[in-house]
$ cat data.txt   # compact mmCIF, C-alpha atoms
# COMPACT_ATOMS: atom_id res chain seq x y z
CA MET A 1 274.86 218.82 10.72
CA LYS A 2 277.36 219.82 8.05
CA LEU A 3 279.17 216.79 6.64
CA ALA A 4 281.70 216.15 3.86
CA ILE A 5 282.23 212.80 2.16
CA ILE A 6 285.54 212.39 0.30
CA GLY A 7 285.05 209.77 -2.42
CA THR A 8 281.86 208.89 -4.33
CA GLY A 9 282.21 205.15 -4.77
CA TYR A 10 279.65 202.68 -3.41
CA VAL A 11 280.37 203.60 0.20
CA GLY A 12 280.80 207.35 -0.14
CA LEU A 13 277.90 207.99 -2.51
CA THR A 14 275.41 205.85 -0.62
CA THR A 15 276.51 207.10 2.80
CA GLY A 16 276.36 210.76 1.77
CA THR A 17 272.95 210.32 0.20
CA CYS A 18 271.48 208.59 3.24
CA PHE A 19 272.93 211.23 5.57
CA ALA A 20 271.21 213.88 3.44
CA GLU A 21 267.97 211.89 3.50
CA VAL A 22 267.78 212.16 7.32
CA GLY A 23 268.36 215.90 7.24
CA HIS A 24 272.11 216.56 7.28
CA HIS A 25 273.73 218.92 4.78
CA VAL A 26 276.23 216.89 2.78
CA ILE A 27 278.99 217.81 0.33
CA CYS A 28 280.31 214.84 -1.67
CA VAL A 29 283.81 215.36 -3.06
CA ASP A 30 285.55 213.45 -5.84
CA ASN A 31 288.59 214.28 -7.97
CA ASN A 32 286.97 212.70 -11.04
CA VAL A 33 285.60 215.74 -12.85
CA SER A 34 283.42 213.83 -15.32
CA LYS A 35 281.90 211.75 -12.53
CA VAL A 36 281.02 214.85 -10.50
CA GLU A 37 279.52 216.57 -13.53
CA ALA A 38 277.47 213.48 -14.31
CA LEU A 39 276.15 213.33 -10.74
CA LYS A 40 275.19 217.00 -10.91
CA LYS A 41 273.13 216.14 -14.00
CA GLY A 42 271.46 213.20 -12.26
CA LYS A 43 273.44 210.48 -14.05
CA MET A 44 274.35 207.55 -11.80
CA PRO A 45 277.84 205.98 -11.87
CA ILE A 46 276.60 202.75 -10.25
CA TYR A 47 273.41 200.74 -9.99
CA GLU A 48 272.03 200.38 -6.49
CA PRO A 49 268.32 199.96 -5.70
CA GLU A 50 266.62 203.19 -4.47
CA LEU A 51 269.84 205.21 -4.68
CA GLU A 52 269.04 207.23 -7.81
CA GLU A 53 265.68 208.40 -6.46
CA LEU A 54 267.22 209.49 -3.14
CA ILE A 55 270.06 211.37 -4.84
CA LEU A 56 267.69 213.29 -7.09
CA SER A 57 265.31 214.20 -4.27
CA ASN A 58 268.05 215.36 -1.90
CA VAL A 59 269.86 217.39 -4.57
CA SER A 60 266.52 219.02 -5.32
CA ALA A 61 265.98 219.72 -1.62
CA GLY A 62 269.40 221.39 -1.37
CA ARG A 63 270.80 218.95 1.20
CA LEU A 64 273.17 217.09 -1.16
CA HIS A 65 275.91 218.68 -3.27
CA PHE A 66 278.71 217.36 -5.49
CA THR A 67 282.04 219.06 -6.06
CA THR A 68 285.71 218.51 -6.92
CA ASP A 69 286.74 221.26 -4.48
CA LEU A 70 288.02 219.55 -1.32
CA ASN A 71 289.06 222.88 0.22
CA GLU A 72 285.48 224.14 0.06
CA ALA A 73 284.16 220.94 1.63
CA VAL A 74 286.63 221.09 4.53
CA ALA A 75 285.88 224.76 5.16
CA LYS A 76 282.10 224.21 5.24
CA SER A 77 281.90 220.89 7.13
CA ASP A 78 282.24 219.97 10.79
CA ILE A 79 282.90 216.30 10.08
CA ILE A 80 284.88 214.97 7.10
CA PHE A 81 284.41 211.30 6.13
CA ILE A 82 287.15 209.59 4.13
CA ALA A 83 285.57 207.01 1.80
CA VAL A 84 288.27 206.41 -0.82
CA PRO A 85 289.41 203.03 -2.21
CA THR A 86 291.76 200.78 -0.22
CA PRO A 87 292.77 198.20 -2.86
CA PRO A 88 294.62 195.05 -1.76
CA HIS A 89 298.16 194.04 -2.62
CA GLU A 90 298.95 190.45 -3.60
CA ASP A 91 300.12 189.59 -0.07
CA GLY A 92 296.86 190.78 1.49
CA SER A 93 298.23 194.10 2.73
CA VAL A 94 296.24 197.19 1.83
CA ASP A 95 297.25 200.05 -0.45
CA LEU A 96 296.73 203.07 1.80
CA SER A 97 298.09 205.61 -0.69
CA TYR A 98 294.62 207.07 -1.34
CA ILE A 99 293.98 207.45 2.40
CA GLU A 100 297.37 209.10 2.87
CA ALA A 101 296.92 211.44 -0.09
CA VAL A 102 293.45 212.57 1.02
CA SER A 103 294.67 213.02 4.59
CA GLN A 104 297.38 215.35 3.29
CA GLU A 105 294.86 217.33 1.26
CA ILE A 106 292.55 217.65 4.26
CA ALA A 107 295.46 218.76 6.46
CA GLN A 108 296.50 221.43 3.98
CA ALA A 109 292.91 222.66 3.70
CA LEU A 110 292.44 222.96 7.47
CA LYS A 111 292.89 226.32 9.19
CA PRO A 112 292.92 227.12 12.92
CA GLU A 113 290.05 229.60 12.50
CA PHE A 114 287.74 226.80 11.29
CA GLY A 115 287.51 225.48 14.83
CA TYR A 116 287.02 221.83 15.80
CA ARG A 117 286.91 219.21 13.05
CA ILE A 118 286.50 215.44 13.05
CA ILE A 119 288.17 213.27 10.39
CA VAL A 120 286.42 209.92 9.99
CA ASP A 121 287.85 206.78 8.40
CA LYS A 122 284.85 205.26 6.62
CA SER A 123 286.96 203.11 4.30
CA THR A 124 287.93 199.63 5.48
CA VAL A 125 291.45 200.01 6.82
CA PRO A 126 293.90 197.93 8.87
CA VAL A 127 294.24 198.55 12.58
CA SER A 128 296.46 201.56 13.45
CA THR A 129 295.45 203.51 10.31
CA GLY A 130 293.70 206.14 12.43
CA GLY A 131 296.95 206.88 14.21
CA LYS A 132 298.72 207.31 10.87
CA VAL A 133 296.02 209.71 9.67
CA SER A 134 296.51 211.76 12.85
CA GLN A 135 300.25 211.93 12.15
CA VAL A 136 299.64 213.14 8.60
CA ILE A 137 297.23 215.84 9.80
CA GLU A 138 299.76 217.01 12.39
CA ARG A 139 302.60 217.11 9.85
CA TYR A 140 300.87 218.91 7.01
CA ALA A 141 298.29 221.17 8.71
CA GLN A 142 298.82 224.91 8.34
CA GLY A 143 299.13 225.84 12.00
CA ALA A 144 297.67 224.38 15.20
CA VAL A 145 294.34 222.81 14.21
CA ASP A 146 291.84 221.21 16.57
CA VAL A 147 291.16 217.76 15.12
CA ASP A 148 290.13 214.28 16.24
CA VAL A 149 290.35 211.15 14.07
CA VAL A 150 287.54 208.61 14.35
CA SER A 151 286.85 205.16 12.89
CA ASN A 152 283.28 204.54 11.71
CA PRO A 153 283.32 201.34 9.61
CA GLU A 154 280.50 200.67 7.16
CA PHE A 155 278.55 197.41 7.00
CA LEU A 156 276.51 197.94 3.86
CA ARG A 157 275.81 195.14 1.41
CA GLU A 158 275.81 195.99 -2.27
CA GLY A 159 272.32 195.47 -3.62
CA SER A 160 270.74 196.53 -0.32
CA ALA A 161 273.07 199.38 0.67
CA VAL A 162 270.35 202.00 1.12
CA LYS A 163 268.33 199.72 3.36
CA ASP A 164 271.43 198.79 5.37
CA LEU A 165 272.35 202.43 5.91
CA MET A 166 268.84 203.63 6.73
CA HIS A 167 268.14 200.68 9.05
CA PRO A 168 271.51 199.47 10.37
CA ASP A 169 271.94 196.56 12.78
CA ARG A 170 274.40 198.70 14.70
CA VAL A 171 276.62 201.74 14.29
CA VAL A 172 280.23 201.31 15.36
CA ILE A 173 282.07 204.46 16.44
CA GLY A 174 285.71 204.25 17.48
CA ALA A 175 286.99 207.41 19.16
CA ASP A 176 289.61 208.21 21.73
CA SER A 177 287.95 211.44 22.91
CA GLN A 178 284.52 211.94 24.44
CA ARG A 179 284.00 215.14 22.45
CA ALA A 180 284.40 213.26 19.18
CA MET A 181 282.16 210.43 20.37
CA ASP A 182 279.37 212.81 21.38
CA MET A 183 279.50 214.65 18.07
CA MET A 184 279.47 211.42 16.05
CA LYS A 185 276.45 210.19 18.02
CA ARG A 186 274.62 213.34 16.89
CA VAL A 187 275.25 212.32 13.27
CA TYR A 188 273.48 209.02 13.86
CA GLN A 189 270.72 210.34 16.12
CA PRO A 190 268.11 210.19 13.29
CA PHE A 191 268.83 206.48 12.76
CA ASP A 192 267.08 203.90 14.92
CA ALA A 193 270.07 201.72 15.70
CA PRO A 194 272.22 200.77 18.70
CA ILE A 195 275.54 202.60 18.83
CA VAL A 196 278.63 200.59 19.76
CA GLU A 197 281.07 202.96 21.45
CA VAL A 198 284.64 201.63 21.28
CA ASP A 199 288.22 202.84 21.04
CA LEU A 200 289.80 203.59 17.68
CA ALA A 201 291.76 200.33 17.35
CA SER A 202 288.79 198.13 18.24
CA ALA A 203 286.58 199.83 15.63
CA GLU A 204 289.20 199.25 12.94
CA LEU A 205 289.32 195.54 13.80
CA ILE A 206 285.55 195.05 13.98
CA LYS A 207 284.97 195.42 10.22
CA HIS A 208 287.67 192.92 9.25
CA ALA A 209 286.58 190.49 11.95
CA ALA A 210 282.88 190.73 11.02
CA ASN A 211 283.35 190.21 7.27
CA SER A 212 285.82 187.38 7.84
CA PHE A 213 283.33 185.61 10.11
CA LEU A 214 280.59 185.90 7.48
CA ALA A 215 282.98 184.53 4.85
CA LEU A 216 283.74 181.68 7.26
CA LYS A 217 280.02 180.82 7.44
CA ILE A 218 279.81 180.74 3.63
CA SER A 219 282.86 178.50 3.31
CA TYR A 220 281.59 176.25 6.09
CA ILE A 221 278.26 175.55 4.40
CA ASN A 222 280.05 175.08 1.07
CA ALA A 223 282.30 172.47 2.70
CA VAL A 224 279.17 170.83 4.11
CA SER A 225 277.63 170.84 0.62
CA ALA A 226 280.45 168.60 -0.62
CA VAL A 227 279.67 166.15 2.17
CA CYS A 228 275.98 166.29 1.27
CA GLU A 229 276.75 165.42 -2.36
CA LYS A 230 278.69 162.33 -1.26
CA ALA A 231 276.07 161.29 1.29
CA GLY A 232 273.01 161.91 -0.91
CA ALA A 233 271.76 164.55 1.53
CA ASP A 234 270.34 167.99 0.72
CA VAL A 235 272.41 170.95 1.88
CA ASN A 236 269.37 173.25 1.86
CA LEU A 237 267.65 171.04 4.42
CA VAL A 238 270.83 170.70 6.45
CA ALA A 239 271.30 174.50 6.41
CA LYS A 240 267.68 174.98 7.48
CA GLY A 241 268.19 172.70 10.45
CA ILE A 242 271.42 174.47 11.41
CA GLY A 243 270.08 177.98 10.86
CA MET A 244 267.07 177.56 13.12
CA ASP A 245 269.48 177.53 16.05
CA LYS A 246 269.35 181.13 17.28
CA ARG A 247 273.02 180.98 18.23
CA ILE A 248 273.88 180.39 14.55
CA SER A 249 271.03 181.90 12.42
CA ALA A 250 270.29 181.14 8.78
CA HIS A 251 272.12 184.16 7.39
CA PHE A 252 275.04 183.35 5.07
CA LEU A 253 274.31 179.61 5.15
CA ASN A 254 273.56 179.42 1.42
CA ALA A 255 275.72 176.93 -0.46
CA GLY A 256 276.88 177.98 -3.90
CA LEU A 257 279.88 179.04 -5.93
CA GLY A 258 281.50 180.89 -3.05
CA TYR A 259 281.84 184.52 -2.04
CA GLY A 260 283.14 187.35 -4.23
CA GLY A 261 282.78 191.11 -4.51
CA SER A 262 284.85 194.01 -3.29
CA CYS A 263 284.69 193.22 0.44
CA PHE A 264 284.91 189.58 1.51
CA PRO A 265 287.95 188.47 -0.54
CA LYS A 266 289.86 191.66 0.33
CA ASP A 267 288.87 191.72 4.00
CA VAL A 268 289.64 188.04 4.63
CA LYS A 269 293.05 188.35 2.99
CA GLY A 270 293.60 191.65 4.80
CA PHE A 271 292.71 190.20 8.21
CA ILE A 272 295.05 187.25 7.59
CA HIS A 273 297.85 189.71 6.80
CA ILE A 274 297.09 191.87 9.85
CA ALA A 275 297.12 188.83 12.14
CA ASP A 276 300.37 187.54 10.62
CA GLN A 277 302.00 190.96 11.07
CA LEU A 278 300.91 191.02 14.72
CA GLY A 279 302.29 187.54 15.32
CA ALA A 280 298.87 185.95 15.90
CA PRO A 281 298.21 183.93 12.70
CA LEU A 282 294.59 183.19 11.74
CA ASN A 283 295.13 179.83 10.02
CA LEU A 284 291.38 179.19 10.15
CA LEU A 285 290.84 182.01 7.64
CA LYS A 286 293.48 180.57 5.33
CA GLU A 287 291.33 177.44 5.09
CA VAL A 288 288.29 179.66 4.42
CA GLU A 289 290.11 181.04 1.36
CA THR A 290 291.07 177.53 0.22
CA ILE A 291 287.49 176.25 0.44
CA ASN A 292 286.18 179.31 -1.40
CA ALA A 293 288.65 178.88 -4.26
CA HIS A 294 287.81 175.16 -4.49
CA GLN A 295 284.08 175.78 -4.96
CA MET A 296 284.35 177.03 -8.53
CA THR A 297 286.96 174.41 -9.43
CA HIS A 298 284.72 171.60 -8.16
CA PHE A 299 281.71 173.05 -9.95
CA LEU A 300 283.56 173.23 -13.28
CA ASP A 301 284.81 169.68 -12.76
CA ARG A 302 281.17 168.56 -12.62
CA VAL A 303 280.38 170.46 -15.83
CA ARG A 304 283.37 168.79 -17.52
CA GLU A 305 282.23 165.40 -16.26
CA LYS A 306 278.86 165.94 -17.94
CA LEU A 307 280.12 167.39 -21.25
CA TRP A 308 283.45 165.48 -21.31
CA VAL A 309 285.28 168.15 -23.33
CA LEU A 310 284.50 171.87 -23.05
CA ARG A 311 286.18 172.97 -26.26
CA ASN A 312 283.59 174.19 -28.80
CA LYS A 313 280.73 173.48 -26.39
CA LYS A 314 278.08 176.19 -26.26
CA ILE A 315 277.62 177.29 -22.66
CA ALA A 316 275.15 179.94 -21.50
CA VAL A 317 276.07 181.78 -18.31
CA TRP A 318 273.29 183.59 -16.49
CA GLY A 319 274.82 186.30 -14.33
CA ILE A 320 278.00 188.35 -14.45
CA ALA A 321 277.75 190.52 -11.30
CA PHE A 322 279.16 189.04 -8.10
CA LYS A 323 275.64 189.04 -6.59
CA GLN A 324 272.11 190.13 -7.41
CA ASN A 325 270.88 193.76 -7.37
CA THR A 326 274.22 195.29 -8.34
CA ASP A 327 276.30 195.93 -11.43
CA ASP A 328 279.55 195.32 -9.54
CA VAL A 329 281.77 192.61 -11.06
CA ARG A 330 284.79 193.01 -8.80
CA GLU A 331 286.05 189.57 -7.71
CA SER A 332 282.93 188.08 -9.31
CA VAL A 333 282.95 184.28 -9.37
CA ALA A 334 280.83 184.50 -12.53
CA VAL A 335 283.55 186.49 -14.31
CA LYS A 336 286.24 184.06 -13.17
CA MET A 337 284.12 181.15 -14.40
CA ILE A 338 283.51 182.73 -17.80
CA LYS A 339 287.25 183.33 -18.20
CA ALA A 340 288.00 179.72 -17.26
CA LEU A 341 285.43 178.41 -19.76
CA CYS A 342 286.83 180.62 -22.52
CA ASP A 343 290.37 179.49 -21.72
CA GLU A 344 289.25 175.90 -22.35
CA GLY A 345 287.77 176.83 -25.72
CA ALA A 346 284.07 176.88 -24.82
CA GLU A 347 281.73 179.15 -26.77
CA VAL A 348 280.28 181.30 -23.99
CA SER A 349 277.19 183.49 -24.11
CA ALA A 350 276.37 185.65 -21.10
CA TYR A 351 273.54 187.78 -19.78
CA ASP A 352 273.05 189.87 -16.64
CA PRO A 353 270.12 192.22 -15.88
CA LYS A 354 272.40 195.09 -14.74
CA ALA A 355 276.07 194.18 -15.22
CA MET A 356 276.36 194.00 -19.02
CA GLU A 357 278.52 197.12 -19.33
CA THR A 358 280.75 196.42 -16.34
CA GLY A 359 280.91 192.77 -17.35
CA ALA A 360 282.02 193.59 -20.88
CA ALA A 361 284.81 195.74 -19.47
CA ALA A 362 285.92 192.98 -17.08
CA LEU A 363 285.86 190.38 -19.87
CA GLU A 364 287.55 192.50 -22.52
CA GLY A 365 289.65 190.28 -24.77
CA TYR A 366 287.59 187.16 -24.08
CA PRO A 367 285.36 185.84 -26.91
CA VAL A 368 282.08 186.15 -25.00
CA ARG A 369 278.76 186.73 -26.76
CA PHE A 370 276.80 189.23 -24.66
CA CYS A 371 273.06 188.78 -25.03
CA PRO A 372 270.08 191.12 -24.45
CA ASP A 373 268.04 188.59 -22.44
CA LEU A 374 268.27 185.18 -20.84
CA TYR A 375 266.43 183.44 -23.69
CA SER A 376 268.75 184.58 -26.49
CA CYS A 377 271.61 183.70 -24.16
CA ALA A 378 270.34 180.12 -23.93
CA GLN A 379 269.84 179.67 -27.71
CA ASP A 380 271.48 176.37 -28.81
CA ALA A 381 273.23 176.01 -25.44
CA GLU A 382 274.50 172.62 -24.34
CA VAL A 383 274.59 173.74 -20.72
CA ILE A 384 273.02 176.66 -18.86
CA ILE A 385 274.98 177.81 -15.79
CA VAL A 386 273.28 180.00 -13.16
CA ALA A 387 276.14 182.08 -11.77
CA THR A 388 274.32 184.98 -10.05
CA GLU A 389 271.14 184.75 -7.97
CA TRP A 390 268.95 187.23 -9.87
CA LYS A 391 265.22 186.76 -9.28
CA GLU A 392 264.65 187.04 -13.04
CA PHE A 393 266.42 183.70 -13.53
CA ALA A 394 264.20 181.93 -11.02
CA MET A 395 261.11 183.27 -12.84
CA ALA A 396 262.24 182.07 -16.30
CA ASP A 397 259.84 180.20 -18.60
CA PHE A 398 261.56 176.80 -18.66
CA GLN A 399 259.08 175.34 -21.12
CA ARG A 400 260.15 178.03 -23.58
CA LEU A 401 263.81 177.46 -22.75
CA ARG A 402 263.52 173.73 -23.41
CA LYS A 403 262.71 174.52 -27.06
CA LEU A 404 265.72 176.83 -27.40
CA VAL A 405 268.59 174.76 -25.99
CA ARG A 406 270.54 172.06 -27.78
CA LEU A 407 270.90 169.92 -24.64
CA PRO A 408 268.53 170.23 -21.64
CA ILE A 409 271.14 170.54 -18.88
CA ILE A 410 271.20 173.18 -16.14
CA PHE A 411 273.93 173.67 -13.55
CA ASP A 412 272.56 175.91 -10.81
CA GLY A 413 275.58 177.41 -9.05
CA ARG A 414 273.42 179.39 -6.63
CA ASN A 415 270.73 176.83 -5.74
CA LEU A 416 268.30 179.44 -6.99
CA LEU A 417 265.89 177.50 -9.17
CA ASN A 418 262.87 175.46 -8.17
CA PRO A 419 263.79 171.88 -9.18
CA ASP A 420 260.13 170.97 -9.80
CA ASN A 421 259.78 173.69 -12.46
CA VAL A 422 263.04 172.76 -14.14
CA LEU A 423 262.44 169.00 -14.13
CA TYR A 424 258.85 169.32 -15.31
CA ALA A 425 260.10 171.22 -18.37
CA GLY A 426 262.37 168.28 -19.21
CA PHE A 427 265.74 169.57 -18.00
CA GLU A 428 268.46 167.65 -16.20
CA TYR A 429 269.18 169.66 -13.07
CA HIS A 430 272.45 169.90 -11.11
CA SER A 431 272.96 172.12 -8.08
CA VAL A 432 275.38 172.57 -5.18
CA GLY A 433 274.88 170.00 -2.45
CA ARG A 434 271.20 169.36 -3.12
CA ARG A 435 269.85 165.87 -3.75
CA SER A 436 270.54 164.64 -7.30
CA LEU A 437 267.49 165.18 -9.49
CA TYR A 438 267.18 164.00 -13.06
CA PRO A 439 264.54 164.10 -15.84
CA GLU A 440 263.30 160.62 -15.13
CA THR A 441 261.87 161.87 -11.83
CA ALA A 442 259.91 164.59 -13.59
CA GLU A 443 257.07 162.27 -14.58
CA GLY A 444 255.87 162.12 -11.01
CA LEU A 445 255.70 165.91 -10.86
CA ALA A 446 253.16 166.26 -13.65
$ encode --input "data.txt" --output "structure tokens"
Amino acid sequence: MKLAIIGTGYVGLTTGTCFAEVGHHVICVDNNVSKVEALKKGKMPIYEPELEELILSNVSAGRLHFTTDLNEAVAKSDIIFIAVPTPPHEDGSVDLSYIEAVSQEIAQALKPEFGYRIIVDKSTVPVSTGGKVSQVIERYAQGAVDVDVVSNPEFLREGSAVKDLMHPDRVVIGADSQRAMDMMKRVYQPFDAPIVEVDLASAELIKHAANSFLALKISYINAVSAVCEKAGADVNLVAKGIGMDKRISAHFLNAGLGYGGSCFPKDVKGFIHIADQLGAPLNLLKEVETINAHQMTHFLDRVREKLWVLRNKKIAVWGIAFKQNTDDVRESVAVKMIKALCDEGAEVSAYDPKAMETGAAALEGYPVRFCPDLYSCAQDAEVIIVATEWKEFAMADFQRLRKLVRLPIIFDGRNLLNPDNVLYAGFEYHSVGRRSLYPETAEGLA
């Protein structure tokens, strides 16, 4: 099929590439000229596992194209996906100006002689956005055009976006016409996944409801971790016992510093705002936000308790990205923590396998020493903080690290490390909700 993707961010670029990989002909459109030119030359604007290889192979095969010409894309495509940013306002409402602007451009590019077209909201949008897009198309189209608007929310996770798109748990299609539904099902025919056929409004709500529920699970286990610390229990063991219940599952029951990134914080706040506007407040989600914000505060309180005063203390932070396998630092807890440490006068060094450039931009103006590897980052440190769950950190040589640090103290904000390895090397180890383990117990591990 002939598809257009408007916007080449995480969602648009990955979606367009995966559609091309299964055989569709895809035109990716972006108004950023330098970005489009870079993509044409094989230069990637983001890091995402497997994505670069797929882009290069599909461009070479002639199934994937990049352009700044939206008119050309609309003329040559049967289905046009809108995948532009929907940034949040302070009150949780969503800035839909990009959606509205692109809808106008699409409307002005449409012509009656093109025949039937489907406009798809791929961006995460509040309920009723599809109706607004339809109104814009009707107002600005040049003549009587035959168009349906569809909602097709994405459920990709940064760091495993290609896998999520090629092997989805489900595909949600919200359409108010059978013709649009049938055509959208053809798009996803090459994918082995159940298709959830719903109306437009229900599809728009599903994404917000799903992400908010996952955020709820994260905040729940983080609240449990605080109880475990007081009770001398181990949150990992508690989570294992909970997660083996098939009705619950182990997914998103990992205690840590809380959720971040471009989706969960925005979608939770957005769903709260939607519910408030509809007169059906979701107070439960307000508590989810409170617990999430408290996680970093509580963690830093424990670091202060150990070091007493943070001013002039040398602190190594491993991780800048909001999660592993991405260079995305949007709403990263690691970035927020580094800023908080700097504000208290700590001397912070930082390292991330992929997010050094994006991290430096996010931390511009803060006196952070960016290091080329985790060992130079830890040089003379009085505390090492694990802020992102990169596998590289779990595989570190802790015997080597013990010789580099000033004080052998590790605060594992992601419960990533193997306590036996850390303790055996002579470190004091602190985690989130796991049983307290200190160097004096290391002798029995030898």
$ residues_around --input "data.txt" --residues "A:Ile384" --least-positions-apart "6" --cutoff "7 Å" --atoms "only C-alpha atoms" --output "PDB file with C-alpha atoms, in the frame of the given file"
ATOM      1  CA  ILE A 315     277.620 177.290 -22.660  1.00  0.00           C
ATOM      2  CA  ALA A 316     275.150 179.940 -21.500  1.00  0.00           C
ATOM      3  CA  VAL A 317     276.070 181.780 -18.310  1.00  0.00           C
ATOM      4  CA  ALA A 378     270.340 180.120 -23.930  1.00  0.00           C
ATOM      5  CA  ILE A 409     271.140 170.540 -18.880  1.00  0.00           C
ATOM      6  CA  ILE A 410     271.200 173.180 -16.140  1.00  0.00           C
ATOM      7  CA  PHE A 411     273.930 173.670 -13.550  1.00  0.00           C
TER       8      PHE A 411
END
$ atom_distance --input "data.txt" --atom1 "atom CA of A:Pro265" --atom2 "atom CA of A:Glu100"
22.9 Å
$ atom_distance --input "data.txt" --atom1 "atom CA of A:Gln399" --atom2 "atom CA of A:Ala255"
26.6 Å
$ closest_atom_pairs --input "data.txt" --of "stretch 143-215 of chain A" --to "stretch 20-35 of chain A" --cutoff "10 Å" --atoms "all atoms listed in the file" --output "Markdown table"
| residue | atom | partner | partner_atom | distance |
| --- | --- | --- | --- | --- |
| A:Met166 | CA | A:Val22 | CA | 8.6 |
| A:Val187 | CA | A:His24 | CA | 8.0 |
| A:Tyr188 | CA | A:Val22 | CA | 9.2 |
| A:Gln189 | CA | A:Val22 | CA | 9.5 |
| A:Pro190 | CA | A:Val22 | CA | 6.3 |
| A:Phe191 | CA | A:Val22 | CA | 7.9 |
$ atom_distance --input "data.txt" --atom1 "atom CA of A:Leu96" --atom2 "atom CA of A:Val125"
7.9 Å
$ closest_residue --input "data.txt" --among "A:His298, A:His251, A:Lys354, A:Lys230" --to "A:Ile46" --atoms "only C-alpha atoms"
A:Lys354
$ closest_residue --input "data.txt" --among "A:Ala233, A:Asn292, A:Arg179, A:Ala141" --to "A:Ala215" --atoms "only C-alpha atoms"
A:Asn292
$ closest_residue --input "data.txt" --among "A:Phe155, A:Phe264, A:Tyr140, A:Tyr47" --to "A:Glu357" --atoms "only C-alpha atoms"
A:Tyr47
